[in-house]
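Trainee: Coordinates in protein.cif, mmCIF, C-alpha atoms and all ligand atoms, are listed below.
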```
data_model
loop_
_atom_site.label_atom_id
_atom_site.label_comp_id
_atom_site.auth_asym_id
_atom_site.auth_seq_id
_atom_site.Cartn_x
_atom_site.Cartn_y
_atom_site.Cartn_z
CA MET J 1328 5.43 2.01 13.24
CA ARG J 1329 6.25 5.35 14.83
CA VAL J 1330 8.88 7.33 12.95
CA ILE J 1331 10.76 10.13 14.69
CA VAL J 1332 12.65 12.42 12.30
CA VAL J 1333 15.51 14.22 14.04
CA ASN J 1334 17.75 17.02 12.82
CA ASN J 1335 21.05 15.28 13.49
CA TYR J 1336 22.81 12.36 15.21
CA GLU J 1337 22.90 14.09 18.61
CA GLU J 1338 19.14 14.73 18.55
CA GLY J 1339 18.61 11.07 17.68
CA ALA J 1340 20.74 10.06 20.66
CA VAL J 1341 18.63 12.21 22.98
CA ALA J 1342 15.34 10.96 21.50
CA GLY J 1343 16.45 7.35 21.98
CA ALA J 1344 17.70 8.02 25.51
CA ASP J 1345 14.33 9.64 26.37
CA ILE J 1346 12.50 6.46 25.37
CA ILE J 1347 14.83 4.21 27.37
CA GLU J 1348 14.81 6.54 30.37
CA LYS J 1349 11.00 6.49 30.44
CA LEU J 1350 11.03 2.68 30.43
CA VAL J 1351 13.73 2.37 33.11
CA ARG J 1352 12.01 4.89 35.40
CA SER J 1353 8.62 3.21 35.06
CA ASN J 1354 10.03 -0.32 35.30
CA PRO J 1355 13.42 -0.32 37.07
CA GLU J 1356 13.64 -4.09 36.66
CA CYS J 1357 13.16 -4.06 32.91
CA THR J 1358 15.19 -6.07 30.42
CA LEU J 1359 16.86 -4.25 27.57
CA GLY J 1360 17.91 -5.91 24.36
CA LEU J 1361 21.00 -4.06 23.23
CA ALA J 1362 22.82 -3.51 19.96
CA THR J 1363 26.29 -2.50 18.88
CA GLY J 1364 27.39 -0.35 15.94
CA SER J 1365 27.92 3.38 15.61
CA SER J 1366 24.19 4.21 15.49
CA PRO J 1367 23.43 3.65 19.21
CA VAL J 1368 26.78 4.92 20.59
CA GLY J 1369 25.52 8.49 21.10
CA MET J 1370 22.43 7.21 22.89
CA TYR J 1371 24.58 5.05 25.19
CA LYS J 1372 26.73 8.11 25.95
CA GLU J 1373 23.63 10.16 26.79
CA LEU J 1374 22.27 7.37 29.03
CA SER J 1375 25.65 7.21 30.79
CA ARG J 1376 25.45 10.97 31.43
CA ARG J 1377 21.92 10.70 32.77
CA CYS J 1378 23.01 7.89 35.10
CA ARG J 1379 25.98 9.91 36.36
CA GLU J 1380 24.35 13.34 36.58
CA GLU J 1381 20.63 12.71 36.92
CA GLY J 1382 20.45 9.51 38.92
CA LEU J 1383 18.99 7.31 36.19
CA ASP J 1384 19.23 3.97 37.95
CA PHE J 1385 20.25 0.81 36.10
CA SER J 1386 21.04 -1.24 39.20
CA LYS J 1387 18.13 -3.63 38.65
CA VAL J 1388 18.10 -3.58 34.86
CA HIS J 1389 18.97 -6.75 32.93
CA SER J 1390 20.25 -6.84 29.39
CA VAL J 1391 20.87 -9.26 26.57
CA ASN J 1392 22.74 -8.41 23.40
CA LEU J 1393 21.73 -9.10 19.84
CA ASP J 1394 24.89 -10.71 18.60
CA GLU J 1395 28.59 -11.53 18.91
CA TYR J 1396 31.38 -12.36 16.49
CA VAL J 1397 32.44 -16.00 16.42
CA GLY J 1398 36.11 -16.34 17.36
CA LEU J 1399 36.56 -13.15 19.36
CA GLU J 1400 37.21 -13.34 23.08
CA GLY J 1401 35.20 -10.83 25.19
CA THR J 1402 38.44 -8.99 25.90
CA HIS J 1403 39.14 -8.44 22.17
CA ASP J 1404 38.62 -4.77 21.41
CA GLN J 1405 36.29 -5.57 18.49
CA SER J 1406 34.16 -8.08 20.35
CA TYR J 1407 30.67 -6.93 21.13
CA ARG J 1408 31.16 -7.73 24.84
CA TYR J 1409 34.06 -5.27 24.87
CA PHE J 1410 31.96 -2.74 22.92
CA MET J 1411 29.15 -2.91 25.46
CA ASP J 1412 31.49 -2.67 28.44
CA THR J 1413 33.37 0.33 27.11
CA ASN J 1414 30.42 2.20 25.53
CA LEU J 1415 27.83 1.61 28.23
CA PHE J 1416 28.22 -0.86 31.08
CA ASP J 1417 31.41 0.67 32.53
CA HIS J 1418 29.65 4.06 32.71
CA ILE J 1419 26.34 3.13 34.34
CA ASN J 1420 25.47 1.36 37.57
CA ILE J 1421 24.27 -1.86 35.92
CA ASP J 1422 25.37 -5.11 37.55
CA LYS J 1423 27.45 -6.78 34.84
CA ALA J 1424 26.29 -10.15 36.15
CA ASN J 1425 22.88 -9.12 34.80
CA THR J 1426 24.21 -8.42 31.30
CA TYR J 1427 24.48 -11.14 28.69
CA VAL J 1428 26.46 -11.14 25.46
CA ALA J 1429 26.83 -14.51 23.74
CA LYS J 1430 30.25 -16.13 24.07
CA GLY J 1431 32.31 -15.82 20.90
CA VAL J 1432 34.90 -18.48 21.68
CA GLY J 1433 34.76 -22.10 22.83
CA ASP J 1434 32.37 -24.80 21.71
CA ALA J 1435 30.02 -23.11 19.20
CA GLU J 1436 27.20 -25.56 19.84
CA GLU J 1437 27.39 -25.00 23.61
CA ASN J 1438 27.51 -21.23 23.12
CA LEU J 1439 24.39 -21.33 21.01
CA LYS J 1440 22.62 -23.61 23.45
CA GLU J 1441 23.39 -21.13 26.21
CA PHE J 1442 22.31 -18.13 24.08
CA ASN J 1443 19.00 -19.80 23.24
CA ALA J 1444 18.46 -20.82 26.87
CA VAL J 1445 18.98 -17.22 28.00
CA LEU J 1446 16.54 -15.97 25.38
CA ALA J 1447 13.97 -18.61 26.29
CA LYS J 1448 13.79 -17.35 29.87
CA THR J 1449 14.00 -13.64 29.02
CA ASP J 1450 11.18 -11.26 28.13
CA ILE J 1451 12.78 -8.30 26.44
CA ASP J 1452 10.93 -5.06 27.17
CA LEU J 1453 12.75 -2.99 24.59
CA GLN J 1454 15.12 -4.08 21.86
CA VAL J 1455 17.58 -1.53 20.48
CA LEU J 1456 18.37 -2.04 16.81
CA GLY J 1457 20.65 -0.59 14.19
CA VAL J 1458 20.44 -1.66 10.59
CA GLY J 1459 23.14 -2.96 8.29
CA PRO J 1460 23.57 -1.35 4.87
CA ASP J 1461 22.08 -4.57 3.40
CA GLY J 1462 19.13 -4.35 5.79
CA HIS J 1463 20.37 -6.93 8.29
CA LEU J 1464 19.11 -6.88 11.87
CA GLY J 1465 21.63 -8.10 14.43
CA PHE J 1466 23.45 -10.38 12.02
CA ASN J 1467 20.35 -11.78 10.35
CA GLU J 1468 21.52 -11.46 6.78
CA PRO J 1469 19.08 -11.10 3.86
CA GLY J 1470 17.91 -14.35 2.28
CA ASP J 1471 14.93 -16.32 0.98
CA VAL J 1472 14.29 -17.54 4.51
CA LEU J 1473 15.21 -16.15 7.91
CA TRP J 1474 15.92 -17.86 11.21
CA ASP J 1475 13.51 -17.83 14.13
CA HIS J 1476 15.98 -18.46 16.98
CA ALA J 1477 19.59 -17.68 17.84
CA HIS J 1478 21.98 -19.27 15.38
CA MET J 1479 25.32 -18.90 13.68
CA GLU J 1480 25.30 -16.73 10.59
CA THR J 1481 27.87 -16.39 7.81
CA LEU J 1482 28.36 -12.71 7.12
CA ASP J 1483 27.59 -11.31 3.68
CA GLU J 1484 30.47 -9.82 1.74
CA SER J 1485 28.81 -6.39 2.04
CA THR J 1486 28.68 -6.76 5.83
CA ILE J 1487 32.37 -7.68 5.93
CA ASP J 1488 33.04 -4.58 3.79
CA ALA J 1489 30.95 -2.37 6.08
CA ASN J 1490 32.52 -3.66 9.28
CA GLN J 1491 36.14 -3.73 8.12
CA ARG J 1492 36.53 -0.10 9.23
CA PHE J 1493 36.80 -1.35 12.80
CA PHE J 1494 39.56 -3.88 12.06
CA ALA J 1495 43.19 -3.56 10.98
CA SER J 1496 42.36 -5.25 7.66
CA ARG J 1497 39.46 -6.91 5.86
CA ASP J 1498 41.02 -10.30 6.55
CA ASP J 1499 40.70 -9.68 10.27
CA VAL J 1500 36.90 -9.32 10.15
CA PRO J 1501 35.35 -12.53 11.53
CA ARG J 1502 33.35 -14.36 8.87
CA ARG J 1503 30.75 -15.74 11.24
CA ALA J 1504 28.65 -14.45 14.11
CA PHE J 1505 26.07 -15.64 16.63
CA THR J 1506 22.88 -13.65 16.44
CA MET J 1507 19.39 -13.61 17.89
CA GLY J 1508 16.94 -14.86 15.28
CA MET J 1509 14.18 -12.75 13.79
CA GLY J 1510 11.63 -14.45 16.04
CA ASP J 1511 13.64 -13.50 19.13
CA ILE J 1512 13.77 -9.88 17.98
CA MET J 1513 10.09 -9.70 17.08
CA LYS J 1514 9.10 -11.01 20.53
CA ALA J 1515 10.46 -7.89 22.26
CA LYS J 1516 7.64 -5.67 23.54
CA THR J 1517 9.08 -2.56 21.89
CA LEU J 1518 11.59 -2.21 19.05
CA LEU J 1519 13.71 0.93 18.91
CA MET J 1520 15.71 1.36 15.72
CA ILE J 1521 18.20 4.14 15.16
CA ILE J 1522 19.13 4.59 11.51
CA SER J 1523 22.23 6.62 10.84
CA GLY J 1524 24.84 6.65 8.13
CA ASN J 1525 24.53 5.53 4.50
CA LYS J 1526 21.47 3.37 4.82
CA GLN J 1527 19.45 4.65 1.85
CA ASP J 1528 18.53 1.21 0.52
CA ALA J 1529 17.42 -0.24 3.83
CA ALA J 1530 15.65 2.99 4.87
CA THR J 1531 13.77 3.12 1.55
CA LYS J 1532 12.60 -0.46 1.85
CA LEU J 1533 11.59 0.02 5.48
CA LEU J 1534 9.87 3.39 5.24
CA MET J 1535 8.78 3.79 1.62
CA ASN J 1536 7.61 0.28 0.64
CA GLU J 1537 4.79 -1.69 2.14
CA MET J 1538 6.42 -5.07 1.57
CA ILE J 1539 7.82 -7.37 4.24
CA ASP J 1540 10.93 -8.58 2.50
CA PRO J 1541 13.27 -11.29 3.87
CA HIS J 1542 15.88 -9.79 1.54
CA CYS J 1543 15.73 -6.75 3.80
CA PRO J 1544 15.19 -8.11 7.36
CA ALA J 1545 14.69 -4.55 8.67
CA THR J 1546 11.27 -4.50 6.93
CA PHE J 1547 10.01 -6.96 9.58
CA MET J 1548 9.79 -3.90 11.84
CA ARG J 1549 6.59 -3.07 9.95
CA MET J 1550 4.86 -6.12 11.44
CA HIS J 1551 5.62 -5.21 15.03
CA ARG J 1552 2.90 -3.59 17.12
CA ASP J 1553 5.25 -1.20 18.93
CA ALA J 1554 8.14 -0.30 16.65
CA ILE J 1555 9.87 3.06 16.77
CA VAL J 1556 12.31 4.28 14.13
CA ILE J 1557 14.58 7.27 14.69
CA ILE J 1558 15.96 8.66 11.45
CA GLU J 1559 17.98 11.75 10.61
CA LYS J 1560 16.25 14.38 8.47
CA LYS J 1561 19.02 14.30 5.89
CA LEU J 1562 18.47 10.61 5.22
CA ALA J 1563 14.67 10.98 5.38
CA ASP J 1564 14.90 13.73 2.74
CA GLN J 1565 17.22 11.64 0.56
CA ILE J 1566 14.71 8.80 0.38
CA GLY J 1567 11.74 11.17 0.01
CA TYR J 1568 10.14 10.25 3.34
CA LYS J 1569 7.54 12.88 4.21
CA GLY J 1570 6.04 11.35 7.34
C1 LIG J 1601 26.71 -4.62 12.77
C2 LIG J 1601 25.78 -5.15 13.85
C3 LIG J 1601 24.36 -4.66 13.64
C4 LIG J 1601 24.35 -3.17 13.41
C5 LIG J 1601 25.13 -2.86 12.15
C6 LIG J 1601 25.09 -1.41 11.73
O1 LIG J 1601 26.69 -5.40 11.64
N1 LIG J 1601 25.78 -6.56 13.93
O2 LIG J 1601 23.57 -5.00 14.76
O3 LIG J 1601 23.05 -2.70 13.30
O4 LIG J 1601 26.47 -3.26 12.41
O5 LIG J 1601 26.04 -0.67 12.39
P1 LIG J 1601 26.20 0.89 12.35
O6 LIG J 1601 25.25 1.42 13.35
O7 LIG J 1601 27.63 1.13 12.74
O8 LIG J 1601 25.91 1.35 10.97
#
```
Output the file's structure as structure tokens, nothing else.
Mentor:
Amino acid sequence: MRVIVVNNYEEGAVAGADIIEKLVRSNPECTLGLATGSSPVGMYKELSRRCREEGLDFSKVHSVNLDEYVGLEGTHDQSYRYFMDTNLFDHINIDKANTYVAKGVGDAEENLKEFNAVLAKTDIDLQVLGVGPDGHLGFNEPGDVLWDHAHMETLDESTIDANQRFFASRDDVPRRAFTMGMGDIMKAKTLLMIISGNKQDAATKLLMNEMIDPHCPATFMRMHRDAIVIIEKKLADQIGYKG
């Protein structure tokens, strides 16, 4: 696991954008696995700038997203489809037909079948990841066992608490989500995690322990042969990470 310690959020955004730019320039037809959350927003903004001002070309890039809330239409301002459109896709020259975010509404079984079919025919070159305060990846919540493939997950109370800031009230936070499974994530050629915010517990388990712990899905990063973690110095210092 390669750990990049950055001075602040903006530096993390640039470091992440550098890694994605290198991939897109060397393989313009690559497939990106994308994530939502506040951690990658700065990186998406920087990639949008590079597309606009420096000709970084996404016209042949494909993407597939980690997860989507069950029950939210893609036009809902808290759906992950809407997040991706407004934070990235609307600002770069990607063909939206080549972007996939699981459908949140309609027949759940059909939606999952479609999600799994897309993943089965997709080789993800680089998967962007954030981490939940409880260590979840995508919406793979901690537990004694974890799922291999895309599935429907019931959100932990702590995840509902963490995500309520985006909704009018806690009651409005969807209780269920579709998410790639851990196997889907681990199959990506490269994993790129950006850790920002109050993630002391998850960061400690990931960077300071040697255990692979299903109660902290983020620790599975340790098993991957090309995993990169970008972490802010303040958080690295808090958990005593020395590099
Ligand atoms: C949500 C997403 C995760 C994301 C997490 C952390 O729960 N499903 O994929 O990593 O939020 O988000 P943030 O980056 O805002 O802390």
Trainee: Of the candidates J:Asp1450, J:Asp1434, J:Asp1384, J:Glu1395, which shows the shortest atom-to-atom distance to Leu1482 of chain J, using only C-alpha atoms?
Mentor: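 Smallest separation from Leu1482 of chain J among the options: J:Glu1395.
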Trainee: Would you mind listing the residues within 10 Å of ligand LIG 1601 (chain J), counting all atoms listed in the file, as a VMD selection string?
Mentor: chain J and resid 1361 to 1368 1392 to 1396 1407 1455 to 1468 1482 to 1483 1485 to 1487 1489 to 1490 1492 to 1493 1504 to 1506 1520 to 1526 1545
Trainee: Any idea what the distance is between atom CA of Asp1498 of chain J and atom CA of Asp1412 of chain J?
Mentor: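 Value for the atom CA of Asp1498 of chain J-atom CA of Asp1412 of chain J distance: 25.1 Å.
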Trainee: Given the choices J:Arg1377, J:Lys1423, J:Arg1497, J:His1551, which gets closest to Lys1349 of chain J if the distance is worked out from all atoms listed in the file?
Mentor: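 Answer, going by the shortest atom-to-atom distance: J:Arg1377.
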Trainee: Hey, what's within 9 Å of Ile1419 of chain J if we count all atoms listed in the file and toss same-chain stuff fewer than 2 positions away? As a list in words, please?
Mentor: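 So the residues in contact are Leu1374, Ser1375, Arg1376, Arg1377, Cys1378, Arg1379, Leu1383, Asp1384, Phe1385, Ser1386, Leu1415, Phe1416, Asp1417, Ile1421 and Asp1422 of chain J.
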Trainee: Have a look at atom CA of Gln1565 of chain J and atom CA of Val1472 of chain J and let me know their distance in Å, one decimal.
Mentor: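 Atom CA of Val1472 of chain J lies 29.6 Å from atom CA of Gln1565 of chain J.
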Trainee: Between atom CA of Gly1360 of chain J and atom CA of Met1411 of chain J, what is the distance, to one decimal in Å?
Mentor: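 Between these atoms lies a distance of 11.7 Å.
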Trainee: Which polymer residues, protein or nucleic acid, are no farther than 12 Å from (13.4, -4.7, 39.9), counting only C-alpha atoms, as number ranges by chain?
Mentor: J: 1351-1358, 1384-1389, 1421, 1425
Trainee: Which polymer residues, protein or nucleic acid, are no farther than 9 Å from (12.8, -9.7, 8.9), counting only C-alpha atoms, as number ranges by chain?
Mentor: J: 1462-1464, 1467, 1469, 1473, 1509-1510, 1513, 1539-1548
Trainee: Write a file of the selected residues as a compact mmCIF listing (two decimals), in the coordinates of the input, keeping C-alpha atoms.
Mentor:
```txt
# COMPACT_ATOMS: atom_id res chain seq x y z
CA GLY J 1462 19.13 -4.35 5.79
CA HIS J 1463 20.37 -6.93 8.29
CA LEU J 1464 19.11 -6.88 11.87
CA ASN J 1467 20.35 -11.78 10.35
CA PRO J 1469 19.08 -11.10 3.86
CA LEU J 1473 15.21 -16.15 7.91
CA MET J 1509 14.18 -12.75 13.79
CA GLY J 1510 11.63 -14.45 16.04
CA MET J 1513 10.09 -9.70 17.08
CA ILE J 1539 7.82 -7.37 4.24
CA ASP J 1540 10.93 -8.58 2.50
CA PRO J 1541 13.27 -11.29 3.87
CA HIS J 1542 15.88 -9.79 1.54
CA CYS J 1543 15.73 -6.75 3.80
CA PRO J 1544 15.19 -8.11 7.36
CA ALA J 1545 14.69 -4.55 8.67
CA THR J 1546 11.27 -4.50 6.93
CA PHE J 1547 10.01 -6.96 9.58
CA MET J 1548 9.79 -3.90 11.84
```
Trainee: With distances taken over only C-alpha atoms, which of J:Gln1454, J:Thr1413, J:Asn1334, J:Ser1390 is nearest to Ala1429 of chain J?
Mentor: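 Residue with the minimum atom-to-atom distance to Ala1429 of chain J: J:Ser1390.
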Trainee: Neighbours of Ala1435 of chain J within 10 Å (only C-alpha atoms; same-chain residues fewer than 5 positions away dropped), as an MDAnalysis selection string?
Mentor: chainID J and resid 1397:1398 1430 1440:1441 1478:1479 1505
Trainee: Give me the residues near Arg1549 of chain J as a ChimeraX atom specification, where near means some atom within 9 Å (using only C-alpha atoms) and where sequence neighbours in that chain fewer than 4 positions away do not count.
Mentor: /J:1328,1533-1534,1537-1539,1545,1554
Trainee: Counting only C-alpha atoms, which of J:Ala1495, J:Gly1343, J:Tyr1336, J:Ala1530 gets nearest to Ile1555 of chain J?
Mentor: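 Answer, going by the shortest atom-to-atom distance: J:Gly1343.
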Trainee: Calculated over all atoms listed in the file, which of the candidates J:Asp1404, J:Asp1499, J:Asp1452, J:Asp1345 has the smallest distance to Ile1512 of chain J?
Mentor: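 That would be J:Asp1452, the residue with the smallest distance to Ile1512 of chain J.
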Trainee: Taking all listed atoms of segment 1475-1490 of chain J, build the axis-aligned box, pad each of the six sides by 3 Å, then write its centre and edge lengths in Å to one decimal as AutoDock Vina command-line options.
Mentor:
```
--center_x 23.3 --center_y -10.8 --center_z 9.8 --size_x 25.5 --size_y 22.9 --size_z 22.1
```
